[in-house]
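Colleague: My structure is stored as target.cif, with mmCIF, C-alpha atoms.
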```cif
data_start
#
loop_
_atom_site.group_PDB
_atom_site.id
_atom_site.type_symbol
_atom_site.label_atom_id
_atom_site.label_comp_id
_atom_site.auth_asym_id
_atom_site.auth_seq_id
_atom_site.Cartn_x
_atom_site.Cartn_y
_atom_site.Cartn_z
ATOM 1 C CA MET V 1 -117.447 -194.103 -62.119
ATOM 2 C CA GLY V 2 -119.139 -194.280 -65.473
ATOM 3 C CA LYS V 3 -117.849 -192.279 -68.383
ATOM 4 C CA ASN V 4 -120.144 -189.356 -67.629
ATOM 5 C CA CYS V 5 -120.177 -189.597 -63.819
ATOM 6 C CA ASP V 6 -118.369 -187.298 -61.438
ATOM 7 C CA PRO V 7 -115.368 -188.817 -59.674
ATOM 8 C CA VAL V 8 -115.735 -189.849 -56.048
ATOM 9 C CA LYS V 9 -114.182 -187.067 -53.996
ATOM 10 C CA ASN V 10 -111.009 -187.983 -52.083
ATOM 11 C CA LEU V 11 -110.963 -191.491 -53.563
ATOM 12 C CA VAL V 12 -107.651 -192.676 -55.002
ATOM 13 C CA SER V 13 -107.872 -195.276 -57.743
ATOM 14 C CA ILE V 14 -104.864 -197.585 -57.967
ATOM 15 C CA VAL V 15 -104.697 -199.357 -61.322
ATOM 16 C CA THR V 16 -101.961 -201.975 -61.505
ATOM 17 C CA PRO V 17 -101.308 -204.368 -64.380
ATOM 18 C CA VAL V 18 -99.800 -207.714 -63.483
ATOM 19 C CA TYR V 19 -98.501 -210.628 -65.524
ATOM 20 C CA ASN V 20 -97.140 -213.781 -63.893
ATOM 21 C CA GLY V 21 -96.581 -211.851 -60.688
ATOM 22 C CA GLU V 22 -97.297 -214.571 -58.135
ATOM 23 C CA ALA V 23 -93.841 -214.289 -56.557
ATOM 24 C CA HIS V 24 -94.029 -210.595 -55.712
ATOM 25 C CA LEU V 25 -97.716 -209.594 -55.734
ATOM 26 C CA ALA V 26 -98.240 -210.063 -51.986
ATOM 27 C CA ARG V 27 -95.486 -207.583 -51.181
ATOM 28 C CA PHE V 28 -97.170 -204.921 -53.319
ATOM 29 C CA LEU V 29 -100.714 -205.557 -52.049
ATOM 30 C CA ASP V 30 -99.481 -205.470 -48.451
ATOM 31 C CA SER V 31 -98.060 -202.012 -49.131
ATOM 32 C CA VAL V 32 -101.458 -200.841 -50.377
ATOM 33 C CA LEU V 33 -103.240 -202.180 -47.309
ATOM 34 C CA VAL V 34 -101.027 -200.198 -44.900
ATOM 35 C CA GLN V 35 -101.534 -196.857 -46.647
ATOM 36 C CA SER V 36 -102.312 -194.033 -44.242
ATOM 37 C CA TRP V 37 -104.920 -192.639 -46.671
ATOM 38 C CA ASP V 38 -108.322 -194.212 -46.000
ATOM 39 C CA HIS V 39 -110.035 -193.690 -49.367
ATOM 40 C CA ILE V 40 -108.609 -196.154 -51.871
ATOM 41 C CA GLU V 41 -109.865 -198.543 -54.498
ATOM 42 C CA MET V 42 -107.456 -201.197 -55.778
ATOM 43 C CA ILE V 43 -108.001 -202.287 -59.378
ATOM 44 C CA LEU V 44 -105.697 -205.178 -60.223
ATOM 45 C CA THR V 45 -105.771 -206.004 -63.913
ATOM 46 C CA ASP V 46 -104.322 -209.371 -64.852
ATOM 47 C CA ASP V 47 -102.813 -209.704 -68.335
ATOM 48 C CA GLY V 48 -103.483 -213.398 -68.829
ATOM 49 C CA SER V 49 -101.099 -214.742 -66.199
ATOM 50 C CA GLU V 50 -100.154 -218.410 -66.445
ATOM 51 C CA ASP V 51 -98.895 -218.873 -62.882
ATOM 52 C CA GLY V 52 -100.708 -218.507 -59.562
ATOM 53 C CA THR V 53 -101.229 -214.738 -59.824
ATOM 54 C CA LEU V 54 -105.020 -214.886 -59.793
ATOM 55 C CA GLU V 55 -105.078 -217.215 -56.794
ATOM 56 C CA ALA V 56 -102.689 -214.912 -54.941
ATOM 57 C CA ALA V 57 -104.874 -211.916 -55.801
ATOM 58 C CA GLU V 58 -108.104 -213.645 -54.722
ATOM 59 C CA ALA V 59 -106.549 -214.429 -51.344
ATOM 60 C CA TYR V 60 -106.540 -210.677 -50.548
ATOM 61 C CA ARG V 61 -110.270 -209.988 -50.940
ATOM 62 C CA ASN V 62 -111.068 -210.273 -47.254
ATOM 63 C CA ALA V 63 -108.079 -208.176 -46.220
ATOM 64 C CA PHE V 64 -109.173 -205.328 -48.485
ATOM 65 C CA ALA V 65 -112.762 -205.606 -47.253
ATOM 66 C CA ARG V 66 -111.585 -205.371 -43.636
ATOM 67 C CA ARG V 67 -109.502 -202.306 -44.479
ATOM 68 C CA GLY V 68 -112.517 -200.661 -46.119
ATOM 69 C CA PHE V 69 -110.826 -200.404 -49.513
ATOM 70 C CA GLY V 70 -112.468 -201.265 -52.808
ATOM 71 C CA TYR V 71 -110.894 -204.248 -54.536
ATOM 72 C CA GLN V 72 -111.403 -205.457 -58.083
ATOM 73 C CA ILE V 73 -109.597 -208.079 -60.134
ATOM 74 C CA VAL V 74 -110.018 -207.540 -63.859
ATOM 75 C CA THR V 75 -108.892 -210.286 -66.218
ATOM 76 C CA GLY V 76 -108.195 -210.613 -69.935
ATOM 77 C CA ARG V 77 -106.099 -212.544 -72.413
ATOM 78 C CA HIS V 78 -102.378 -211.874 -72.506
ATOM 79 C CA ARG V 79 -101.484 -208.845 -74.607
ATOM 80 C CA ASN V 80 -99.344 -206.180 -72.937
ATOM 81 C CA ALA V 81 -99.305 -203.738 -70.031
ATOM 82 C CA SER V 82 -101.076 -200.947 -71.904
ATOM 83 C CA ALA V 83 -103.974 -203.244 -72.809
ATOM 84 C CA ALA V 84 -104.173 -204.356 -69.174
ATOM 85 C CA ILE V 85 -104.202 -200.722 -68.015
ATOM 86 C CA ASN V 86 -107.087 -200.001 -70.375
ATOM 87 C CA ARG V 87 -109.192 -202.740 -68.817
ATOM 88 C CA GLY V 88 -108.576 -201.135 -65.432
ATOM 89 C CA LEU V 89 -109.272 -197.546 -66.527
ATOM 90 C CA LEU V 90 -112.855 -198.516 -67.345
ATOM 91 C CA GLN V 91 -113.385 -199.263 -63.637
ATOM 92 C CA VAL V 92 -111.857 -196.090 -62.176
ATOM 93 C CA ARG V 93 -114.154 -194.081 -59.884
ATOM 94 C CA GLY V 94 -111.693 -191.941 -57.954
ATOM 95 C CA GLU V 95 -110.725 -188.283 -57.956
ATOM 96 C CA PHE V 96 -107.043 -189.264 -58.171
ATOM 97 C CA LEU V 97 -105.189 -191.935 -60.136
ATOM 98 C CA ILE V 98 -101.916 -193.801 -59.674
ATOM 99 C CA TRP V 99 -100.637 -196.872 -61.550
ATOM 100 C CA PRO V 100 -97.739 -198.488 -59.660
ATOM 101 C CA ASP V 101 -96.061 -201.680 -60.836
ATOM 102 C CA SER V 102 -96.997 -204.952 -59.186
ATOM 103 C CA ASP V 103 -93.408 -205.775 -58.198
ATOM 104 C CA ASP V 104 -92.742 -202.474 -56.401
ATOM 105 C CA VAL V 105 -93.909 -201.001 -53.086
ATOM 106 C CA LEU V 106 -95.760 -197.877 -51.974
ATOM 107 C CA GLU V 107 -94.333 -196.324 -48.824
ATOM 108 C CA GLN V 108 -96.918 -195.991 -46.053
ATOM 109 C CA ASP V 109 -97.611 -192.271 -46.634
ATOM 110 C CA SER V 110 -97.165 -192.404 -50.403
ATOM 111 C CA VAL V 111 -100.803 -191.845 -51.295
ATOM 112 C CA CYS V 112 -101.545 -189.472 -48.426
ATOM 113 C CA ARG V 113 -98.648 -187.103 -49.073
ATOM 114 C CA ARG V 114 -99.513 -186.707 -52.735
ATOM 115 C CA VAL V 115 -103.253 -186.293 -52.218
ATOM 116 C CA GLU V 116 -102.705 -183.688 -49.514
ATOM 117 C CA PHE V 117 -100.384 -181.737 -51.810
ATOM 118 C CA LEU V 118 -102.982 -181.656 -54.589
ATOM 119 C CA GLN V 119 -105.707 -180.680 -52.142
ATOM 120 C CA ARG V 120 -103.591 -177.780 -50.875
ATOM 121 C CA ASN V 121 -102.590 -176.756 -54.392
ATOM 122 C CA PRO V 122 -105.636 -176.859 -56.686
ATOM 123 C CA GLN V 123 -103.651 -175.064 -59.410
ATOM 124 C CA TYR V 124 -101.814 -178.338 -60.069
ATOM 125 C CA GLN V 125 -103.374 -181.322 -61.811
ATOM 126 C CA CYS V 126 -100.595 -183.760 -60.958
ATOM 127 C CA VAL V 127 -97.659 -184.279 -58.641
ATOM 128 C CA ARG V 128 -94.796 -186.729 -58.353
ATOM 129 C CA SER V 129 -92.493 -187.930 -55.610
ATOM 130 C CA LEU V 130 -89.036 -189.432 -55.681
ATOM 131 C CA GLY V 131 -88.416 -193.151 -55.690
ATOM 132 C CA ARG V 132 -85.774 -195.253 -54.035
ATOM 133 C CA TYR V 133 -84.176 -198.211 -55.774
ATOM 134 C CA VAL V 134 -83.313 -201.507 -54.107
ATOM 135 C CA ASP V 135 -82.446 -205.055 -55.122
ATOM 136 C CA GLU V 136 -84.526 -208.073 -54.162
ATOM 137 C CA ALA V 137 -82.667 -208.285 -50.854
ATOM 138 C CA GLY V 138 -83.698 -204.729 -50.031
ATOM 139 C CA GLU V 139 -80.185 -203.358 -50.431
ATOM 140 C CA PRO V 140 -79.729 -199.977 -52.191
ATOM 141 C CA ALA V 141 -79.354 -200.354 -55.938
ATOM 142 C CA ARG V 142 -78.311 -197.983 -58.668
ATOM 143 C CA ALA V 143 -81.224 -196.051 -60.159
ATOM 144 C CA ASP V 144 -81.748 -196.745 -63.844
ATOM 145 C CA GLU V 145 -83.219 -193.284 -64.473
ATOM 146 C CA LYS V 146 -81.942 -189.745 -63.995
ATOM 147 C CA GLN V 147 -83.558 -187.437 -61.455
ATOM 148 C CA GLY V 148 -83.017 -184.332 -63.539
ATOM 149 C CA ASN V 149 -83.863 -180.823 -62.400
ATOM 150 C CA LEU V 150 -86.366 -181.275 -59.573
ATOM 151 C CA GLU V 151 -87.409 -177.623 -59.786
ATOM 152 C CA GLU V 152 -88.605 -178.080 -63.363
ATOM 153 C CA GLU V 153 -92.375 -178.451 -63.737
ATOM 154 C CA HIS V 154 -92.735 -178.610 -67.535
ATOM 155 C CA LEU V 155 -91.793 -182.251 -67.908
ATOM 156 C CA PHE V 156 -92.945 -183.364 -71.358
ATOM 157 C CA PHE V 157 -89.532 -183.120 -73.020
ATOM 158 C CA PRO V 158 -87.470 -184.017 -69.924
ATOM 159 C CA VAL V 159 -89.455 -187.264 -69.653
ATOM 160 C CA LEU V 160 -89.378 -187.967 -73.394
ATOM 161 C CA GLU V 161 -85.649 -187.303 -73.639
ATOM 162 C CA SER V 162 -84.821 -189.360 -70.508
ATOM 163 C CA ARG V 163 -83.539 -186.315 -68.648
ATOM 164 C CA THR V 164 -85.801 -187.114 -65.705
ATOM 165 C CA PHE V 165 -87.587 -190.181 -64.391
ATOM 166 C CA VAL V 166 -90.752 -191.768 -65.704
ATOM 167 C CA CYS V 167 -91.095 -194.155 -62.742
ATOM 168 C CA CYS V 168 -94.821 -194.892 -62.823
ATOM 169 C CA GLY V 169 -95.513 -195.297 -59.123
ATOM 170 C CA CYS V 170 -94.142 -191.837 -58.359
ATOM 171 C CA TYR V 171 -96.834 -189.906 -60.259
ATOM 172 C CA MET V 172 -100.381 -189.003 -59.234
ATOM 173 C CA LEU V 173 -102.909 -187.423 -61.626
ATOM 174 C CA ARG V 174 -106.341 -185.926 -61.184
ATOM 175 C CA THR V 175 -108.743 -188.142 -63.101
ATOM 176 C CA GLU V 176 -110.965 -185.437 -64.623
ATOM 177 C CA PRO V 177 -108.233 -183.829 -66.773
ATOM 178 C CA PHE V 178 -106.821 -187.282 -67.519
ATOM 179 C CA PHE V 179 -110.113 -188.538 -68.899
ATOM 180 C CA ALA V 180 -110.555 -185.267 -70.771
ATOM 181 C CA ILE V 181 -107.506 -186.417 -72.758
ATOM 182 C CA TYR V 182 -108.800 -189.981 -73.040
ATOM 183 C CA PRO V 183 -112.608 -189.683 -72.996
ATOM 184 C CA LYS V 184 -112.963 -193.303 -74.117
ATOM 185 C CA ARG V 185 -110.687 -194.381 -71.257
ATOM 186 C CA LYS V 186 -108.292 -196.037 -73.640
ATOM 187 C CA ILE V 187 -104.618 -195.207 -73.975
ATOM 188 C CA PRO V 188 -102.714 -196.204 -77.140
ATOM 189 C CA GLU V 189 -101.807 -199.884 -76.947
ATOM 190 C CA TYR V 190 -98.221 -200.726 -77.826
ATOM 191 C CA ASP V 191 -95.896 -203.423 -76.553
ATOM 192 C CA VAL V 192 -93.602 -200.834 -74.942
ATOM 193 C CA GLY V 193 -95.245 -200.427 -71.558
ATOM 194 C CA GLN V 194 -97.784 -197.821 -70.555
ATOM 195 C CA ASN V 195 -95.968 -194.865 -69.003
ATOM 196 C CA PHE V 196 -95.433 -192.655 -72.052
ATOM 197 C CA GLN V 197 -99.116 -192.986 -72.913
ATOM 198 C CA MET V 198 -100.220 -192.219 -69.383
ATOM 199 C CA LEU V 199 -97.839 -189.334 -68.804
ATOM 200 C CA LEU V 200 -96.760 -187.495 -71.930
ATOM 201 C CA PRO V 201 -100.134 -186.147 -73.135
ATOM 202 C CA PHE V 202 -100.848 -185.043 -69.569
ATOM 203 C CA LEU V 203 -97.441 -183.434 -69.063
ATOM 204 C CA TYR V 204 -97.689 -181.579 -72.358
ATOM 205 C CA THR V 205 -100.591 -179.566 -70.936
ATOM 206 C CA HIS V 206 -100.104 -179.644 -67.172
ATOM 207 C CA ARG V 207 -97.214 -178.685 -64.910
ATOM 208 C CA CYS V 208 -95.967 -181.364 -62.534
ATOM 209 C CA PRO V 209 -94.114 -180.395 -59.332
ATOM 210 C CA THR V 210 -91.929 -182.843 -57.420
ATOM 211 C CA LEU V 211 -92.128 -183.753 -53.752
ATOM 212 C CA THR V 212 -88.538 -184.398 -52.712
ATOM 213 C CA GLU V 213 -89.476 -187.426 -50.633
ATOM 214 C CA GLU V 214 -88.887 -191.073 -51.514
ATOM 215 C CA LEU V 215 -92.461 -192.325 -51.406
ATOM 216 C CA TYR V 216 -92.105 -195.294 -53.766
ATOM 217 C CA THR V 217 -89.691 -198.221 -53.775
ATOM 218 C CA VAL V 218 -88.555 -199.763 -57.041
ATOM 219 C CA TYR V 219 -87.242 -203.310 -56.908
ATOM 220 C CA ILE V 220 -84.548 -203.827 -59.533
ATOM 221 C CA ARG V 221 -85.031 -207.314 -60.915
ATOM 222 C CA PRO V 222 -82.696 -208.110 -63.843
ATOM 223 C CA GLY V 223 -85.076 -210.775 -65.123
ATOM 224 C CA SER V 224 -88.171 -208.574 -65.135
ATOM 225 C CA HIS V 225 -90.031 -207.973 -68.383
ATOM 226 C CA SER V 226 -88.903 -204.351 -68.653
ATOM 227 C CA ARG V 227 -85.223 -205.150 -67.999
ATOM 228 C CA ARG V 228 -84.626 -208.434 -69.816
ATOM 229 C CA MET V 229 -82.124 -208.576 -72.661
ATOM 230 C CA LEU V 230 -83.714 -208.205 -76.087
ATOM 231 C CA THR V 231 -82.683 -209.750 -79.368
ATOM 232 C CA ARG V 232 -81.812 -207.404 -82.197
ATOM 233 C CA GLN V 233 -85.167 -208.049 -83.860
ATOM 234 C CA GLU V 234 -87.026 -207.402 -80.603
ATOM 235 C CA GLU V 235 -85.110 -204.211 -79.946
ATOM 236 C CA GLU V 236 -85.640 -202.893 -83.467
ATOM 237 C CA LYS V 237 -89.373 -203.598 -83.186
ATOM 238 C CA LYS V 238 -89.471 -201.868 -79.813
ATOM 239 C CA TYR V 239 -87.779 -198.764 -81.237
ATOM 240 C CA ALA V 240 -90.214 -198.713 -84.161
ATOM 241 C CA ASP V 241 -93.181 -199.089 -81.807
ATOM 242 C CA TYR V 242 -91.921 -196.179 -79.717
ATOM 243 C CA GLU V 243 -91.726 -194.007 -82.833
ATOM 244 C CA ARG V 244 -95.287 -194.867 -83.828
ATOM 245 C CA LEU V 245 -96.428 -194.177 -80.279
ATOM 246 C CA ILE V 246 -94.741 -190.760 -80.207
ATOM 247 C CA ASP V 247 -96.363 -189.883 -83.539
ATOM 248 C CA GLU V 248 -99.744 -190.789 -82.052
ATOM 249 C CA ILE V 249 -99.049 -188.784 -78.896
ATOM 250 C CA ALA V 250 -97.929 -185.765 -80.961
ATOM 251 C CA GLU V 251 -101.214 -185.919 -82.866
ATOM 252 C CA LEU V 252 -103.170 -186.318 -79.647
ATOM 253 C CA CYS V 253 -101.425 -183.248 -78.195
ATOM 254 C CA ASN V 254 -101.838 -181.337 -81.471
ATOM 255 C CA ILE V 255 -98.141 -180.475 -81.511
ATOM 256 C CA THR V 256 -97.644 -177.970 -84.325
ATOM 257 C CA ASN V 257 -94.877 -175.757 -82.932
ATOM 258 C CA ARG V 258 -91.888 -176.014 -85.273
ATOM 259 C CA ASP V 259 -89.268 -176.236 -82.534
ATOM 260 C CA GLU V 260 -91.220 -178.917 -80.673
ATOM 261 C CA LYS V 261 -91.630 -180.949 -83.866
ATOM 262 C CA ARG V 262 -87.900 -180.603 -84.471
ATOM 263 C CA ARG V 263 -87.183 -181.965 -81.000
ATOM 264 C CA LEU V 264 -89.447 -184.951 -81.651
ATOM 265 C CA THR V 265 -87.566 -185.654 -84.873
ATOM 266 C CA LEU V 266 -84.234 -185.360 -83.080
ATOM 267 C CA TRP V 267 -85.444 -187.794 -80.414
ATOM 268 C CA LYS V 268 -86.255 -190.357 -83.089
ATOM 269 C CA GLN V 269 -83.051 -189.891 -85.062
ATOM 270 C CA ARG V 270 -80.752 -190.011 -82.031
ATOM 271 C CA ARG V 271 -82.344 -193.302 -81.015
ATOM 272 C CA ARG V 272 -81.939 -194.614 -84.567
ATOM 273 C CA LEU V 273 -78.298 -193.564 -84.550
ATOM 274 C CA ALA V 274 -77.622 -195.330 -81.248
ATOM 275 C CA LEU V 275 -79.380 -198.503 -82.388
ATOM 276 C CA SER V 276 -77.586 -198.496 -85.753
ATOM 277 C CA ARG V 277 -74.198 -198.138 -84.061
ATOM 278 C CA LYS V 278 -75.035 -200.932 -81.633
ATOM 279 C CA TYR V 279 -75.777 -203.412 -84.407
ATOM 280 C CA GLY V 280 -73.265 -202.257 -86.999
ATOM 281 C CA ARG V 281 -75.800 -200.738 -89.403
ATOM 282 C CA LYS V 282 -73.491 -198.127 -90.932
ATOM 283 C CA GLY V 283 -75.858 -197.053 -93.696
ATOM 284 C CA ARG V 284 -78.649 -196.440 -91.232
ATOM 285 C CA ALA V 285 -76.256 -194.628 -88.914
ATOM 286 C CA ALA V 286 -75.236 -192.327 -91.770
ATOM 287 C CA ALA V 287 -78.877 -191.620 -92.633
ATOM 288 C CA ALA V 288 -79.697 -190.806 -89.006
ATOM 289 C CA LEU V 289 -76.617 -188.601 -88.752
ATOM 290 C CA PHE V 290 -77.698 -186.669 -91.836
ATOM 291 C CA ARG V 291 -81.208 -186.112 -90.466
ATOM 292 C CA ILE V 292 -79.829 -184.984 -87.106
ATOM 293 C CA GLY V 293 -77.654 -182.496 -88.946
ATOM 294 C CA MET V 294 -80.643 -181.242 -90.922
ATOM 295 C CA CYS V 295 -82.387 -180.585 -87.603
ATOM 296 C CA ARG V 296 -79.393 -178.584 -86.361
ATOM 297 C CA GLY V 297 -78.984 -181.042 -83.520
ATOM 298 C CA LEU V 298 -75.476 -182.273 -84.217
ATOM 299 C CA SER V 299 -72.455 -181.357 -82.100
ATOM 300 C CA PHE V 300 -68.997 -181.307 -83.703
ATOM 301 C CA ARG V 301 -67.808 -184.098 -81.407
ATOM 302 C CA GLU V 302 -70.835 -186.277 -82.117
ATOM 303 C CA CYS V 303 -70.334 -185.784 -85.852
ATOM 304 C CA LEU V 304 -66.667 -186.807 -85.659
ATOM 305 C CA ARG V 305 -67.400 -189.857 -83.556
ATOM 306 C CA THR V 306 -70.084 -191.123 -85.924
ATOM 307 C CA LEU V 307 -68.111 -190.399 -89.063
ATOM 308 C CA ASP V 308 -65.162 -192.239 -87.536
ATOM 309 C CA TYR V 309 -67.424 -195.218 -86.957
ATOM 310 C CA ILE V 310 -68.869 -195.100 -90.458
ATOM 311 C CA ILE V 311 -65.765 -194.637 -92.574
ATOM 312 C CA CYS V 312 -63.016 -195.648 -90.126
ATOM 313 C CA GLY V 313 -60.856 -192.757 -91.310
ATOM 314 C CA CYS V 314 -57.513 -192.633 -89.539
ATOM 315 C CA CYS V 315 -57.312 -188.838 -89.553
ATOM 316 C CA ILE V 316 -60.823 -188.468 -88.163
ATOM 317 C CA SER V 317 -60.080 -191.096 -85.530
ATOM 318 C CA ARG V 318 -56.925 -189.317 -84.394
ATOM 319 C CA LEU V 319 -58.740 -185.958 -84.277
ATOM 320 C CA TYR V 320 -61.617 -187.370 -82.270
ATOM 321 C CA HIS V 321 -59.350 -189.026 -79.705
ATOM 322 C CA TRP V 322 -57.305 -185.854 -79.437
ATOM 323 C CA LEU V 323 -60.491 -183.952 -78.617
ATOM 324 C CA GLN V 324 -61.346 -186.534 -75.986
ATOM 325 C CA ARG V 325 -57.940 -186.103 -74.314
ATOM 326 C CA THR V 326 -58.254 -182.298 -74.273
ATOM 327 C CA GLN V 327 -61.632 -182.214 -72.511
#
```
Transcribe the structure of this file into structure tokens.

Modeller:
Amino acid sequence: MGKNCDPVKNLVSIVTPVYNGEAHLARFLDSVLVQSWDHIEMILTDDGSEDGTLEAAEAYRNAFARRGFGYQIVTGRHRNASAAINRGLLQVRGEFLIWPDSDDVLEQDSVCRRVEFLQRNPQYQCVRSLGRYVDEAGEPARADEKQGNLEEEHLFFPVLESRTFVCCGCYMLRTEPFFAIYPKRKIPEYDVGQNFQMLLPFLYTHRCPTLTEELYTVYIRPGSHSRRMLTRQEEEKKYADYERLIDEIAELCNITNRDEKRRLTLWKQRRRLALSRKYGRKGRAAAALFRIGMCRGLSFRECLRTLDYIICGCCISRLYHWLQRTQ
């Protein structure tokens, strides 16, 4: 689908970035091939892999042709997942869009159930399902995201504030309203993943209901890029990149409401406070605490805990621990 072409009706475009995914790519592609929905194009966008990812991907061309699915492999130099997504978005032709991770799995009816919901409910522009979390052995694993209120449909702030899940393979969007947000088919490129860029501008405008079915399987891999341990410098850069991204998203959404802007500021300052406490940056923690207070977002208990950390006052410490015991 060119930039000014109509989407292909009923077609689901799957855009998946992959980097050094040779070990797990087959499992994901196999899950695409067994989908019960017959109108799919698979756009695999390689982010400069240095292992056998491209060879593994090429080995699936015939299987996708036999299934009647479109199959493209898009390549580029190594940058990040958002840059890889952008290379894939240029190729999208479908009416619907999903962007699962290359190390996860779509359940057999994952695409079908979500498409059928959107077809029955034209008032919605997106839908999401639940995910299930397993380890590499397939055993149940603890989810690293909250489910939140599954009846809630206005998900911009629940997603931003980590009160519900952002799990990429669970969401499906209609492409026309998505590309109305990004007419150049380019999301903001930051080294913090791609999900906030894909979801938040969309969720600011459109309601998103939840199908209470586990239609996507997340494999928890401690060594994966998104879950590896970061150095202090890496983590501080990541936090700063997230702040710049949220500023760009706020501008894209034209957020001018005072209360919404206050909540964005609180989101930033709470993250700064947590990071400052983690690395012993007492001055920065005090500055974040002050700004949170200015935004009227500070609880009495949170104030005591942070002041105790900053000044190590014995009286404050005793009062805080007394409050903890009386909960």

Colleague: Pick out the residues sitting within 9 Å of segment 102-114 of chain V, and hand them over as number ranges by chain; count all atoms listed in the file, and ignore anything fewer than 6 positions along from it in its own chain.

Modeller: V: 12, 16-19, 21, 23-38, 40, 44, 126-129, 169-172, 211, 214-221

Colleague: Near Glu161 of chain V, counting only C-alpha atoms, which residues have an atom at most 10 Å away, once you skip same-chain residues fewer than 6 positions from it, shown as a VMD selection string?

Modeller: chain V and resid 155 263 to 264 266 to 268

Colleague: Find, counting all atoms listed in the file, the residue in V:His78, V:Arg66, V:Arg174, V:His154 that gets nearest to Lys9 of chain V.

Modeller: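 Using all atoms listed in the file, Lys9 of chain V sits closest to V:Arg174.
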
Colleague: Mind pulling up the distance from atom CA of Ala81 of chain V to atom CA of Ala180 of chain V?

Modeller: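 We find that atom CA of Ala180 of chain V and atom CA of Ala81 of chain V lie 21.6 Å from each other.
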
Colleague: So what do you get for atom CA of Gly76 of chain V versus atom CA of Ser49 of chain V, distance-wise?

Modeller: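 Atom CA of Gly76 of chain V sits 9.0 Å away from atom CA of Ser49 of chain V.
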
Colleague: Work out how far atom CA of Arg185 of chain V is from atom CA of Lys237 of chain V, in Å to one decimal.

Modeller: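 According to the coordinates, atom CA of Lys237 of chain V and atom CA of Arg185 of chain V are separated by 26.1 Å.
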
Colleague: Neighbours of Tyr279 of chain V within 12 Å (all atoms listed in the file; same-chain residues fewer than 2 positions away dropped), as a PDB file with C-alpha atoms, in the coordinates of the input?

Modeller:
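For reference, result.pdb as written:
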```pdb
ATOM      1  CA  THR V 231     -82.683-209.750 -79.368  1.00  0.00           C
ATOM      2  CA  ARG V 232     -81.812-207.404 -82.197  1.00  0.00           C
ATOM      3  CA  GLN V 233     -85.167-208.049 -83.860  1.00  0.00           C
ATOM      4  CA  GLU V 235     -85.110-204.211 -79.946  1.00  0.00           C
ATOM      5  CA  GLU V 236     -85.640-202.893 -83.467  1.00  0.00           C
ATOM      6  CA  ARG V 272     -81.939-194.614 -84.567  1.00  0.00           C
ATOM      7  CA  LEU V 273     -78.298-193.564 -84.550  1.00  0.00           C
ATOM      8  CA  ALA V 274     -77.622-195.330 -81.248  1.00  0.00           C
ATOM      9  CA  LEU V 275     -79.380-198.503 -82.388  1.00  0.00           C
ATOM     10  CA  SER V 276     -77.586-198.496 -85.753  1.00  0.00           C
ATOM     11  CA  ARG V 277     -74.198-198.138 -84.061  1.00  0.00           C
ATOM     12  CA  ARG V 281     -75.800-200.738 -89.403  1.00  0.00           C
ATOM     13  CA  LYS V 282     -73.491-198.127 -90.932  1.00  0.00           C
ATOM     14  CA  GLY V 283     -75.858-197.053 -93.696  1.00  0.00           C
ATOM     15  CA  ARG V 284     -78.649-196.440 -91.232  1.00  0.00           C
ATOM     16  CA  ALA V 285     -76.256-194.628 -88.914  1.00  0.00           C
ATOM     17  CA  TYR V 309     -67.424-195.218 -86.957  1.00  0.00           C
TER      18      TYR V 309
END
```

Colleague: As a check of understanding, name the residues that the PyMOL selection byres ((chain V and resi 15) around 10) selects in the supplied structure, as an MDAnalysis selection string.

Modeller: chainID V and resid 12:14 16:18 41:45 72 84:89 91:92 97:102
